[in-house]
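Undergrad: For reference, the file final.cif (mmCIF, C-alpha atoms) is included below:
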data_data
#
loop_
_atom_site.group_PDB
_atom_site.id
_atom_site.type_symbol
_atom_site.label_atom_id
_atom_site.label_comp_id
_atom_site.auth_asym_id
_atom_site.auth_seq_id
_atom_site.Cartn_x
_atom_site.Cartn_y
_atom_site.Cartn_z
ATOM 1 C CA MET A 1 -17.523 14.445 -18.982
ATOM 2 C CA THR A 2 -18.200 11.196 -20.848
ATOM 3 C CA GLY A 3 -20.154 11.672 -24.062
ATOM 4 C CA ALA A 4 -23.644 10.287 -24.666
ATOM 5 C CA ASP A 5 -22.089 7.543 -26.784
ATOM 6 C CA GLY A 6 -19.782 6.490 -23.929
ATOM 7 C CA ARG A 7 -16.601 7.856 -25.498
ATOM 8 C CA ARG A 8 -14.209 9.378 -22.994
ATOM 9 C CA PRO A 9 -12.849 12.673 -24.315
ATOM 10 C CA ILE A 10 -9.291 13.870 -24.532
ATOM 11 C CA VAL A 11 -8.983 16.772 -22.089
ATOM 12 C CA VAL A 12 -6.500 19.574 -22.740
ATOM 13 C CA GLY A 13 -5.552 22.468 -20.498
ATOM 14 C CA VAL A 14 -5.716 25.660 -22.556
ATOM 15 C CA ASP A 15 -2.959 28.169 -21.877
ATOM 16 C CA PRO A 16 -4.105 31.813 -22.010
ATOM 17 C CA ASP A 17 -1.104 32.698 -24.184
ATOM 18 C CA PRO A 18 -2.218 32.180 -27.831
ATOM 19 C CA SER A 19 1.404 31.627 -28.866
ATOM 20 C CA LYS A 20 1.468 28.392 -26.844
ATOM 21 C CA ARG A 21 -0.508 26.037 -29.043
ATOM 22 C CA LEU A 22 1.646 22.889 -29.201
ATOM 23 C CA ALA A 23 -0.272 21.048 -26.458
ATOM 24 C CA LEU A 24 -3.568 22.073 -28.051
ATOM 25 C CA SER A 25 -2.333 20.948 -31.485
ATOM 26 C CA TRP A 26 -1.143 17.595 -30.092
ATOM 27 C CA ALA A 27 -4.482 17.017 -28.374
ATOM 28 C CA ALA A 28 -6.499 17.959 -31.475
ATOM 29 C CA ASP A 29 -4.448 15.625 -33.688
ATOM 30 C CA GLU A 30 -4.757 12.795 -31.156
ATOM 31 C CA ALA A 31 -8.530 13.261 -30.898
ATOM 32 C CA ASP A 32 -8.759 13.090 -34.690
ATOM 33 C CA ARG A 33 -6.639 9.916 -34.847
ATOM 34 C CA ARG A 34 -8.646 8.194 -32.125
ATOM 35 C CA GLY A 35 -12.073 9.458 -33.192
ATOM 36 C CA LEU A 36 -12.655 10.962 -29.734
ATOM 37 C CA PRO A 37 -14.206 14.246 -28.613
ATOM 38 C CA LEU A 38 -11.905 16.990 -27.347
ATOM 39 C CA ARG A 39 -12.640 18.951 -24.167
ATOM 40 C CA LEU A 40 -10.907 22.308 -23.780
ATOM 41 C CA VAL A 41 -10.447 23.380 -20.155
ATOM 42 C CA HIS A 42 -9.379 26.752 -18.834
ATOM 43 C CA ALA A 43 -9.238 27.312 -15.071
ATOM 44 C CA GLN A 44 -8.972 30.533 -13.111
ATOM 45 C CA GLY A 45 -7.596 30.356 -9.593
ATOM 46 C CA THR A 46 -9.972 33.021 -8.319
ATOM 47 C CA PRO A 47 -12.205 32.768 -5.233
ATOM 48 C CA THR A 48 -15.814 31.777 -5.841
ATOM 49 C CA GLY A 49 -18.848 33.365 -4.190
ATOM 50 C CA GLY A 50 -18.293 31.351 -1.026
ATOM 51 C CA TYR A 51 -15.146 33.357 -0.288
ATOM 52 C CA ARG A 52 -16.776 36.760 -0.657
ATOM 53 C CA SER A 53 -18.197 38.910 2.137
ATOM 54 C CA GLY A 54 -19.795 42.271 2.597
ATOM 55 C CA GLU A 55 -16.374 43.720 3.290
ATOM 56 C CA VAL A 56 -15.180 43.052 -0.256
ATOM 57 C CA ARG A 57 -15.207 46.189 -2.350
ATOM 58 C CA PRO A 58 -17.652 46.307 -5.298
ATOM 59 C CA SER A 59 -14.711 46.496 -7.704
ATOM 60 C CA TRP A 60 -14.014 42.840 -6.886
ATOM 61 C CA GLU A 61 -17.162 41.799 -8.745
ATOM 62 C CA GLU A 62 -16.132 43.810 -11.786
ATOM 63 C CA TRP A 63 -12.676 42.269 -11.704
ATOM 64 C CA ASN A 64 -14.142 38.783 -11.442
ATOM 65 C CA ARG A 65 -16.497 39.405 -14.364
ATOM 66 C CA ALA A 66 -13.580 40.682 -16.421
ATOM 67 C CA LEU A 67 -11.607 37.512 -15.662
ATOM 68 C CA HIS A 68 -14.522 35.349 -16.755
ATOM 69 C CA GLY A 69 -14.835 37.366 -19.941
ATOM 70 C CA LEU A 70 -11.155 36.823 -20.698
ATOM 71 C CA GLY A 71 -11.518 33.113 -19.932
ATOM 72 C CA ASP A 72 -14.417 32.798 -22.344
ATOM 73 C CA GLN A 73 -12.336 34.553 -24.990
ATOM 74 C CA VAL A 74 -9.387 32.201 -24.409
ATOM 75 C CA LEU A 75 -11.637 29.163 -24.889
ATOM 76 C CA GLU A 76 -13.402 30.644 -27.926
ATOM 77 C CA GLU A 77 -10.084 31.304 -29.661
ATOM 78 C CA ALA A 78 -8.810 27.828 -28.753
ATOM 79 C CA ALA A 79 -11.967 26.183 -30.095
ATOM 80 C CA SER A 80 -11.659 28.128 -33.351
ATOM 81 C CA PHE A 81 -8.040 26.996 -33.648
ATOM 82 C CA VAL A 82 -9.035 23.345 -33.207
ATOM 83 C CA ARG A 83 -11.909 23.554 -35.688
ATOM 84 C CA SER A 84 -9.648 25.062 -38.318
ATOM 85 C CA ARG A 85 -6.979 22.416 -37.715
ATOM 86 C CA ARG A 86 -9.243 19.357 -37.292
ATOM 87 C CA PRO A 87 -12.754 20.223 -38.571
ATOM 88 C CA THR A 88 -14.245 16.777 -37.808
ATOM 89 C CA VAL A 89 -13.276 16.742 -34.112
ATOM 90 C CA GLU A 90 -16.164 17.273 -31.701
ATOM 91 C CA VAL A 91 -15.197 20.142 -29.355
ATOM 92 C CA SER A 92 -16.562 21.182 -25.961
ATOM 93 C CA THR A 93 -15.270 23.798 -23.519
ATOM 94 C CA LEU A 94 -15.170 24.312 -19.764
ATOM 95 C CA LEU A 95 -14.344 27.512 -17.898
ATOM 96 C CA ALA A 96 -13.775 26.633 -14.246
ATOM 97 C CA GLU A 97 -12.856 28.429 -11.055
ATOM 98 C CA GLY A 98 -10.092 26.746 -9.103
ATOM 99 C CA GLU A 99 -6.462 25.778 -9.319
ATOM 100 C CA PRO A 100 -5.663 24.332 -12.783
ATOM 101 C CA ALA A 101 -4.099 21.119 -11.405
ATOM 102 C CA TRP A 102 -7.173 20.390 -9.297
ATOM 103 C CA VAL A 103 -9.622 21.197 -12.112
ATOM 104 C CA LEU A 104 -7.771 18.962 -14.586
ATOM 105 C CA HIS A 105 -7.549 16.159 -12.014
ATOM 106 C CA GLU A 106 -11.334 16.268 -11.653
ATOM 107 C CA GLU A 107 -11.744 16.140 -15.439
ATOM 108 C CA ALA A 108 -9.267 13.236 -15.666
ATOM 109 C CA GLY A 109 -11.764 10.952 -13.933
ATOM 110 C CA ASN A 110 -13.787 10.697 -17.155
ATOM 111 C CA ALA A 111 -11.018 11.266 -19.704
ATOM 112 C CA SER A 112 -9.049 9.028 -22.046
ATOM 113 C CA LEU A 113 -6.027 11.335 -21.803
ATOM 114 C CA VAL A 114 -5.182 14.686 -20.256
ATOM 115 C CA VAL A 115 -2.807 16.946 -22.184
ATOM 116 C CA VAL A 116 -0.877 19.945 -20.813
ATOM 117 C CA GLY A 117 2.008 22.055 -22.053
ATOM 118 C CA SER A 118 5.414 22.652 -20.538
ATOM 119 C CA TRP A 119 8.257 25.141 -20.838
ATOM 120 C CA HIS A 120 10.648 22.679 -19.164
ATOM 121 C CA LEU A 121 9.040 22.425 -15.833
ATOM 122 C CA GLY A 122 11.320 24.541 -13.701
ATOM 123 C CA LYS A 123 10.121 27.744 -15.405
ATOM 124 C CA ARG A 124 6.718 29.179 -14.575
ATOM 125 C CA ARG A 125 5.514 30.710 -17.835
ATOM 126 C CA GLY A 126 1.785 30.165 -17.785
ATOM 127 C CA ALA A 127 -1.130 28.698 -15.878
ATOM 128 C CA PHE A 128 -0.981 25.419 -17.797
ATOM 129 C CA SER A 129 2.748 25.391 -18.526
ATOM 130 C CA SER A 130 4.405 24.870 -15.166
ATOM 131 C CA ALA A 131 5.489 22.281 -12.662
ATOM 132 C CA SER A 132 2.659 23.384 -10.376
ATOM 133 C CA VAL A 133 0.239 21.769 -12.840
ATOM 134 C CA ALA A 134 2.107 19.026 -14.706
ATOM 135 C CA LEU A 135 3.821 17.284 -11.779
ATOM 136 C CA PRO A 136 0.865 16.943 -9.370
ATOM 137 C CA LEU A 137 -1.488 16.097 -12.221
ATOM 138 C CA THR A 138 0.833 13.360 -13.488
ATOM 139 C CA ALA A 139 1.227 11.981 -9.971
ATOM 140 C CA HIS A 140 -2.482 11.709 -9.198
ATOM 141 C CA ALA A 141 -4.456 11.439 -12.457
ATOM 142 C CA PRO A 142 -6.280 8.123 -13.026
ATOM 143 C CA CYS A 143 -5.641 8.279 -16.789
ATOM 144 C CA PRO A 144 -2.500 8.855 -18.886
ATOM 145 C CA VAL A 145 -1.162 12.413 -18.834
ATOM 146 C CA VAL A 146 0.692 13.902 -21.796
ATOM 147 C CA VAL A 147 3.120 16.780 -21.214
ATOM 148 C CA VAL A 148 3.982 18.532 -24.484
ATOM 149 C CA PRO A 149 7.122 20.708 -24.335
ATOM 150 C CA GLU A 150 7.613 24.065 -25.970
ATOM 151 C CA PRO A 151 9.321 24.875 -28.235
ATOM 152 C CA GLU A 152 8.618 22.091 -30.726
ATOM 153 C CA HIS A 153 11.378 19.570 -31.357
ATOM 154 C CA VAL A 154 12.258 17.922 -34.676
ATOM 155 C CA ALA A 155 11.275 14.247 -34.956
ATOM 156 C CA GLN A 156 13.585 11.896 -36.839
ATOM 157 C CA ARG A 157 12.679 9.676 -39.785
ATOM 158 C CA PRO A 158 11.665 6.923 -39.652
ATOM 159 C CA ALA A 159 9.318 8.099 -36.921
ATOM 160 C CA TYR A 160 9.524 6.255 -33.615
ATOM 161 C CA PHE A 161 8.214 6.147 -30.057
ATOM 162 C CA VAL A 162 10.295 5.255 -27.000
ATOM 163 C CA VAL A 163 9.024 3.368 -23.949
ATOM 164 C CA GLY A 164 10.893 2.734 -20.722
ATOM 165 C CA VAL A 165 10.605 -0.784 -19.280
ATOM 166 C CA ASP A 166 11.629 -2.039 -15.830
ATOM 167 C CA GLY A 167 9.363 -5.009 -15.176
ATOM 168 C CA SER A 168 6.875 -3.130 -12.961
ATOM 169 C CA GLU A 169 3.112 -3.038 -13.465
ATOM 170 C CA HIS A 170 3.358 0.633 -14.400
ATOM 171 C CA ALA A 171 5.901 -0.189 -17.105
ATOM 172 C CA ALA A 172 3.660 -2.932 -18.504
ATOM 173 C CA ALA A 173 0.794 -0.432 -18.743
ATOM 174 C CA ALA A 174 3.165 2.036 -20.422
ATOM 175 C CA VAL A 175 4.123 -0.582 -23.019
ATOM 176 C CA ASP A 176 0.443 -1.088 -23.901
ATOM 177 C CA VAL A 177 -0.004 2.650 -24.476
ATOM 178 C CA ALA A 178 3.262 2.892 -26.427
ATOM 179 C CA PHE A 179 2.224 0.135 -28.842
ATOM 180 C CA GLU A 180 -1.129 1.849 -29.345
ATOM 181 C CA GLU A 181 0.457 5.244 -30.018
ATOM 182 C CA ALA A 182 2.997 3.768 -32.441
ATOM 183 C CA ALA A 183 0.250 1.873 -34.277
ATOM 184 C CA LEU A 184 -1.886 5.025 -34.633
ATOM 185 C CA ARG A 185 1.010 6.818 -36.316
ATOM 186 C CA GLY A 186 2.582 3.987 -38.304
ATOM 187 C CA ALA A 187 5.757 4.468 -36.263
ATOM 188 C CA LEU A 188 8.277 1.966 -34.949
ATOM 189 C CA LEU A 189 8.698 1.418 -31.210
ATOM 190 C CA ARG A 190 11.930 1.368 -29.208
ATOM 191 C CA ALA A 191 11.541 -0.450 -25.886
ATOM 192 C CA LEU A 192 14.452 0.320 -23.562
ATOM 193 C CA TYR A 193 15.424 -1.363 -20.317
ATOM 194 C CA VAL A 194 17.990 0.889 -18.661
ATOM 195 C CA TRP A 195 20.311 -0.997 -16.292
ATOM 196 C CA HIS A 196 21.933 1.195 -13.680
ATOM 197 C CA THR A 197 24.786 -0.438 -11.756
ATOM 198 C CA PRO A 198 23.847 -0.546 -8.030
ATOM 199 C CA LEU A 199 25.983 1.508 -5.648
ATOM 200 C CA LEU A 200 27.337 -1.660 -4.046
ATOM 201 C CA GLY A 201 27.861 -3.370 -7.400
ATOM 202 C CA VAL A 202 26.872 -6.918 -8.355
ATOM 203 C CA LEU A 203 28.739 -10.215 -8.270
ATOM 204 C CA ASP A 204 27.898 -11.098 -11.866
ATOM 205 C CA GLU A 205 27.145 -8.116 -14.095
ATOM 206 C CA ASP A 206 26.573 -10.233 -17.201
ATOM 207 C CA ALA A 207 23.961 -12.294 -15.358
ATOM 208 C CA ALA A 208 22.254 -9.113 -14.164
ATOM 209 C CA VAL A 209 22.068 -7.726 -17.691
ATOM 210 C CA GLY A 210 20.801 -11.100 -18.924
ATOM 211 C CA GLU A 211 17.980 -10.922 -16.372
ATOM 212 C CA CYS A 212 17.107 -7.449 -17.664
ATOM 213 C CA ARG A 213 16.874 -8.851 -21.186
ATOM 214 C CA ARG A 214 14.568 -11.615 -19.955
ATOM 215 C CA VAL A 215 12.264 -9.137 -18.206
ATOM 216 C CA LEU A 216 12.205 -6.895 -21.268
ATOM 217 C CA SER A 217 11.344 -9.789 -23.594
ATOM 218 C CA GLU A 218 8.572 -10.986 -21.290
ATOM 219 C CA THR A 219 7.104 -7.495 -21.003
ATOM 220 C CA VAL A 220 6.784 -6.983 -24.761
ATOM 221 C CA ALA A 221 5.772 -10.598 -25.495
ATOM 222 C CA GLY A 222 2.176 -10.909 -26.626
ATOM 223 C CA ARG A 223 1.802 -7.244 -27.395
ATOM 224 C CA THR A 224 3.481 -7.677 -30.768
ATOM 225 C CA ALA A 225 0.685 -10.086 -31.733
ATOM 226 C CA ALA A 226 -1.914 -7.433 -30.919
ATOM 227 C CA HIS A 227 -0.044 -4.868 -33.037
ATOM 228 C CA PRO A 228 1.598 -6.841 -35.873
ATOM 229 C CA ASP A 229 2.195 -3.708 -37.956
ATOM 230 C CA VAL A 230 4.396 -2.059 -35.323
ATOM 231 C CA GLU A 231 8.098 -2.655 -35.851
ATOM 232 C CA LEU A 232 9.692 -3.284 -32.456
ATOM 233 C CA GLN A 233 13.272 -2.664 -31.391
ATOM 234 C CA HIS A 234 14.167 -3.598 -27.820
ATOM 235 C CA GLU A 235 17.474 -3.383 -26.026
ATOM 236 C CA VAL A 236 19.097 -3.188 -22.617
ATOM 237 C CA VAL A 237 21.179 -0.031 -22.153
ATOM 238 C CA ARG A 238 23.642 0.654 -19.348
ATOM 239 C CA GLY A 239 23.396 4.094 -17.753
ATOM 240 C CA HIS A 240 21.186 6.310 -15.639
ATOM 241 C CA PRO A 241 17.518 5.907 -16.668
ATOM 242 C CA VAL A 242 16.772 9.641 -16.820
ATOM 243 C CA GLN A 243 19.845 10.389 -18.925
ATOM 244 C CA VAL A 244 19.338 7.454 -21.311
ATOM 245 C CA LEU A 245 15.615 8.100 -21.831
ATOM 246 C CA THR A 246 16.198 11.839 -22.249
ATOM 247 C CA GLU A 247 18.783 11.188 -24.957
ATOM 248 C CA ALA A 248 16.452 8.696 -26.651
ATOM 249 C CA SER A 249 13.688 11.322 -26.640
ATOM 250 C CA GLN A 250 15.661 13.859 -28.640
ATOM 251 C CA HIS A 251 14.158 12.966 -32.033
ATOM 252 C CA ALA A 252 11.244 10.748 -30.929
ATOM 253 C CA LEU A 253 7.554 11.376 -31.548
ATOM 254 C CA GLY A 254 6.961 10.645 -27.895
ATOM 255 C CA LEU A 255 8.331 8.996 -24.753
ATOM 256 C CA VAL A 256 6.096 6.710 -22.667
ATOM 257 C CA VAL A 257 6.874 5.879 -19.032
ATOM 258 C CA GLY A 258 5.045 4.414 -16.057
ATOM 259 C CA ALA A 259 4.029 6.749 -13.258
ATOM 260 C CA ARG A 260 6.151 4.658 -10.890
ATOM 261 C CA GLY A 261 8.645 1.871 -11.341
ATOM 262 C CA HIS A 262 10.683 -0.494 -9.226
ATOM 263 C CA GLY A 263 12.719 1.017 -6.449
ATOM 264 C CA GLY A 264 10.175 3.668 -5.418
ATOM 265 C CA PHE A 265 9.203 4.365 -1.835
ATOM 266 C CA THR A 266 5.735 3.754 -0.418
ATOM 267 C CA GLY A 267 3.737 6.948 -0.768
ATOM 268 C CA MET A 268 5.867 8.350 -3.601
ATOM 269 C CA LEU A 269 3.165 8.759 -6.224
ATOM 270 C CA LEU A 270 5.475 9.847 -9.017
ATOM 271 C CA GLY A 271 8.734 7.991 -9.488
ATOM 272 C CA SER A 272 12.081 9.764 -9.726
ATOM 273 C CA VAL A 273 12.587 8.584 -13.316
ATOM 274 C CA SER A 274 9.162 9.892 -14.337
ATOM 275 C CA GLN A 275 9.875 13.241 -12.716
ATOM 276 C CA GLY A 276 13.313 13.408 -14.332
ATOM 277 C CA VAL A 277 12.125 12.790 -17.880
ATOM 278 C CA LEU A 278 9.251 15.241 -17.442
ATOM 279 C CA GLN A 279 11.800 17.908 -16.638
ATOM 280 C CA HIS A 280 14.340 17.069 -19.346
ATOM 281 C CA ALA A 281 12.744 15.191 -22.265
ATOM 282 C CA HIS A 282 12.770 16.840 -25.692
ATOM 283 C CA CYS A 283 9.513 15.300 -26.920
ATOM 284 C CA PRO A 284 5.983 14.827 -25.522
ATOM 285 C CA VAL A 285 6.030 12.560 -22.452
ATOM 286 C CA ILE A 286 3.109 10.214 -21.778
ATOM 287 C CA THR A 287 2.981 9.069 -18.140
ATOM 288 C CA VAL A 288 0.773 6.033 -17.583
ATOM 289 C CA PRO A 289 -0.756 4.855 -14.284
ATOM 290 C CA THR A 290 -1.547 1.186 -13.767
#
Please express the file's structure as structure tokens.
TA:
Amino acid sequence: MTGADGRRPIVVGVDPDPSKRLALSWAADEADRRGLPLRLVHAQGTPTGGYRSGEVRPSWEEWNRALHGLGDQVLEEAASFVRSRRPTVEVSTLLAEGEPAWVLHEEAGNASLVVVGSWHLGKRRGAFSSASVALPLTAHAPCPVVVVPEPEHVAQRPAYFVVGVDGSEHAAAAVDVAFEEAALRGALLRALYVWHTPLLGVLDEDAAVGECRRVLSETVAGRTAAHPDVELQHEVVRGHPVQVLTEASQHALGLVVGARGHGGFTGMLLGSVSQGVLQHAHCPVITVPT
């Protein structure tokens, strides 16, 4: 929930496995950089009282209490981890009953960011580390969603962020977030427009690439004035967007993309490029709605 001072917290889904702390670490560091509170959320997909009946055996209540006790322990350990890592960050916790994706979506309504972990999304390794949470949350959340992969990758020096640009409103919103993230870290920013040759080809490929350069320049124009300390590199790259952005992510601090871009179908809430980089990127991926 929004704090008394109006600050929207960073919300992070807490995995019950204490060895999976990269998403929690990323969220704690981001809260410290931004001067925002951090809300730790752990959800249990167990039925609430409304699902129970007289036919349910008494042992069900004991099992449910045990689950809540474990959930409280998970949050207590996570809060201690954050306080030891970032002592000045204001921390709150929430233990909720319900599917993790739904719980985090509800929390996203009053959040600045929502952060979850990922073991490359095809592998179900934990309640907050699977496609069943990250993909639907990214598709529907009203705020940016950050998916932090495990294991940790090695960022290159000088540190840089990557943002994908295609001229859409979602891409423009992604560029705003990318500049902000780069500025917070003193990193440079690589803005990439990936041009993929259409199946039927084009009459004038050079003209098509020139139009991509124009769109890219217009998208980043004005934002450099708002963030004069951010060094910007922008280029048009030929190739498949998912492959190019995945390769660019290999040693980046983060990759920022719009939730949808040009070429999507009506009703497709998460674009194919966004889904692709979520599944393959080596670094944290920030997906930004308009």
Undergrad: Once the PyMOL selection byres ((chain A and resi 7-9) around 10) has been evaluated on this model, what residues remain selected, and can you format them as a PyMOL selection string?
TA: chain A and resi 1-6+10-12+31+34-40+90-92+107-114
Undergrad: Write out, as an mmCIF file, in the coordinates of the input, the residues just selected, with C-alpha atoms.
TA:
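So the final result, stored in result.cif, reads:
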data_model
loop_
_atom_site.group_PDB
_atom_site.id
_atom_site.type_symbol
_atom_site.label_atom_id
_atom_site.label_comp_id
_atom_site.auth_asym_id
_atom_site.auth_seq_id
_atom_site.Cartn_x
_atom_site.Cartn_y
_atom_site.Cartn_z
ATOM 1 C CA MET A 1 -17.523 14.445 -18.982
ATOM 2 C CA THR A 2 -18.200 11.196 -20.848
ATOM 3 C CA GLY A 3 -20.154 11.672 -24.062
ATOM 4 C CA ALA A 4 -23.644 10.287 -24.666
ATOM 5 C CA ASP A 5 -22.089 7.543 -26.784
ATOM 6 C CA GLY A 6 -19.782 6.490 -23.929
ATOM 7 C CA ILE A 10 -9.291 13.870 -24.532
ATOM 8 C CA VAL A 11 -8.983 16.772 -22.089
ATOM 9 C CA VAL A 12 -6.500 19.574 -22.740
ATOM 10 C CA ALA A 31 -8.530 13.261 -30.898
ATOM 11 C CA ARG A 34 -8.646 8.194 -32.125
ATOM 12 C CA GLY A 35 -12.073 9.458 -33.192
ATOM 13 C CA LEU A 36 -12.655 10.962 -29.734
ATOM 14 C CA PRO A 37 -14.206 14.246 -28.613
ATOM 15 C CA LEU A 38 -11.905 16.990 -27.347
ATOM 16 C CA ARG A 39 -12.640 18.951 -24.167
ATOM 17 C CA LEU A 40 -10.907 22.308 -23.780
ATOM 18 C CA GLU A 90 -16.164 17.273 -31.701
ATOM 19 C CA VAL A 91 -15.197 20.142 -29.355
ATOM 20 C CA SER A 92 -16.562 21.182 -25.961
ATOM 21 C CA GLU A 107 -11.744 16.140 -15.439
ATOM 22 C CA ALA A 108 -9.267 13.236 -15.666
ATOM 23 C CA GLY A 109 -11.764 10.952 -13.933
ATOM 24 C CA ASN A 110 -13.787 10.697 -17.155
ATOM 25 C CA ALA A 111 -11.018 11.266 -19.704
ATOM 26 C CA SER A 112 -9.049 9.028 -22.046
ATOM 27 C CA LEU A 113 -6.027 11.335 -21.803
ATOM 28 C CA VAL A 114 -5.182 14.686 -20.256
#
Undergrad: Any chance you could work out the residue set of the PyMOL selection byres ((chain A and resi 158-173) around 6) here, as a tab-separated table (two decimals) with C-alpha atoms, in the frame of the given file?
TA:
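Final output, saved to out.tsv:
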chain	number	residue	atom	x	y	z
A	156	GLN	CA	13.58	11.90	-36.84
A	157	ARG	CA	12.68	9.68	-39.78
A	174	ALA	CA	3.16	2.04	-20.42
A	175	VAL	CA	4.12	-0.58	-23.02
A	176	ASP	CA	0.44	-1.09	-23.90
A	187	ALA	CA	5.76	4.47	-36.26
A	188	LEU	CA	8.28	1.97	-34.95
A	189	LEU	CA	8.70	1.42	-31.21
A	190	ARG	CA	11.93	1.37	-29.21
A	191	ALA	CA	11.54	-0.45	-25.89
A	192	LEU	CA	14.45	0.32	-23.56
A	193	TYR	CA	15.42	-1.36	-20.32
A	215	VAL	CA	12.26	-9.14	-18.21
A	252	ALA	CA	11.24	10.75	-30.93
A	253	LEU	CA	7.55	11.38	-31.55
A	254	GLY	CA	6.96	10.64	-27.90
A	255	LEU	CA	8.33	9.00	-24.75
A	256	VAL	CA	6.10	6.71	-22.67
A	257	VAL	CA	6.87	5.88	-19.03
A	258	GLY	CA	5.04	4.41	-16.06
A	261	GLY	CA	8.64	1.87	-11.34
A	262	HIS	CA	10.68	-0.49	-9.23
A	289	PRO	CA	-0.76	4.86	-14.28
A	290	THR	CA	-1.55	1.19	-13.77
Undergrad: Which distance in Å separates CA of Arg238 in chain A and CA of Gln250 in chain A, to one decimal?
TA: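 Separation between CA of Arg238 in chain A and CA of Gln250 in chain A: 18.0 Å.
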Undergrad: Can you list, as a ChimeraX atom specification, every protein, DNA or RNA residue that comes within 12 Å of Val116 in chain A when you count all atoms listed in the file, leaving out same-chain residues fewer than 5 positions away?
TA: /A:10-15,20-27,40-42,100-101,104-105,108,121,126-138,144-150,278,284-287
Undergrad: What does the PyMOL selection byres ((chain A and resi 249) around 6) select in this file, as a ChimeraX atom specification?
TA: /A:246-248,250-252,281-283
Undergrad: Suppose you want the space between CA of Val194 in chain A and CA of Val237 in chain A; what is it in Å?
TA: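 According to the coordinates, CA of Val194 in chain A and CA of Val237 in chain A are separated by 4.8 Å.
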Undergrad: Counting all atoms listed in the file, write as a ChimeraX atom specification all protein and nucleic acid residues lying at most 6 Å from (-6.4, 12.9, -9.9) in the file's frame.
TA: /A:105,140-142
Undergrad: Can you work out which one of A:Glu231, A:Ala79, A:Gly210, A:Ser118 has the shortest atom-to-atom distance to Gln279 in chain A, counting all atoms listed in the file?
TA: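 Closest to Gln279 in chain A, using all atoms listed in the file: A:Ser118.
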Undergrad: Since the input is missing atoms for range 203-218 of chain A, could you rebuild it with N, CA and C atoms and give the result as an mmCIF file, keeping the file's coordinate frame?
TA:
data_model
loop_
_atom_site.group_PDB
_atom_site.id
_atom_site.type_symbol
_atom_site.label_atom_id
_atom_site.label_comp_id
_atom_site.auth_asym_id
_atom_site.auth_seq_id
_atom_site.Cartn_x
_atom_site.Cartn_y
_atom_site.Cartn_z
ATOM 1 N N LEU A 203 27.731 -9.170 -8.135
ATOM 2 C CA LEU A 203 28.739 -10.215 -8.270
ATOM 3 C C LEU A 203 28.929 -10.616 -9.727
ATOM 4 N N ASP A 204 27.846 -10.647 -10.479
ATOM 5 C CA ASP A 204 27.898 -11.098 -11.866
ATOM 6 C C ASP A 204 27.116 -10.118 -12.731
ATOM 7 N N GLU A 205 27.807 -9.156 -13.311
ATOM 8 C CA GLU A 205 27.145 -8.116 -14.095
ATOM 9 C C GLU A 205 26.495 -8.685 -15.347
ATOM 10 N N ASP A 206 27.148 -9.640 -15.991
ATOM 11 C CA ASP A 206 26.573 -10.233 -17.201
ATOM 12 C C ASP A 206 25.252 -10.935 -16.892
ATOM 13 N N ALA A 207 25.199 -11.615 -15.747
ATOM 14 C CA ALA A 207 23.961 -12.294 -15.358
ATOM 15 C C ALA A 207 22.858 -11.275 -15.075
ATOM 16 N N ALA A 208 23.238 -10.150 -14.463
ATOM 17 C CA ALA A 208 22.254 -9.113 -14.164
ATOM 18 C C ALA A 208 21.680 -8.528 -15.440
ATOM 19 N N VAL A 209 22.539 -8.267 -16.413
ATOM 20 C CA VAL A 209 22.068 -7.726 -17.691
ATOM 21 C C VAL A 209 21.213 -8.769 -18.422
ATOM 22 N N GLY A 210 21.602 -10.037 -18.322
ATOM 23 C CA GLY A 210 20.801 -11.100 -18.924
ATOM 24 C C GLY A 210 19.402 -11.165 -18.326
ATOM 25 N N GLU A 211 19.294 -10.946 -17.022
ATOM 26 C CA GLU A 211 17.980 -10.922 -16.372
ATOM 27 C C GLU A 211 17.160 -9.731 -16.875
ATOM 28 N N CYS A 212 17.806 -8.604 -17.105
ATOM 29 C CA CYS A 212 17.107 -7.449 -17.664
ATOM 30 C C CYS A 212 16.549 -7.767 -19.048
ATOM 31 N N ARG A 213 17.345 -8.468 -19.848
ATOM 32 C CA ARG A 213 16.874 -8.851 -21.186
ATOM 33 C C ARG A 213 15.670 -9.786 -21.096
ATOM 34 N N ARG A 214 15.696 -10.694 -20.124
ATOM 35 C CA ARG A 214 14.568 -11.615 -19.955
ATOM 36 C C ARG A 214 13.301 -10.852 -19.588
ATOM 37 N N VAL A 215 13.421 -9.924 -18.626
ATOM 38 C CA VAL A 215 12.264 -9.137 -18.206
ATOM 39 C C VAL A 215 11.720 -8.310 -19.366
ATOM 40 N N LEU A 216 12.616 -7.712 -20.132
ATOM 41 C CA LEU A 216 12.205 -6.895 -21.268
ATOM 42 C C LEU A 216 11.458 -7.738 -22.298
ATOM 43 N N SER A 217 11.990 -8.908 -22.612
ATOM 44 C CA SER A 217 11.344 -9.789 -23.594
ATOM 45 C C SER A 217 9.970 -10.225 -23.111
ATOM 46 N N GLU A 218 9.862 -10.548 -21.825
ATOM 47 C CA GLU A 218 8.572 -10.986 -21.290
ATOM 48 C C GLU A 218 7.559 -9.849 -21.296
#
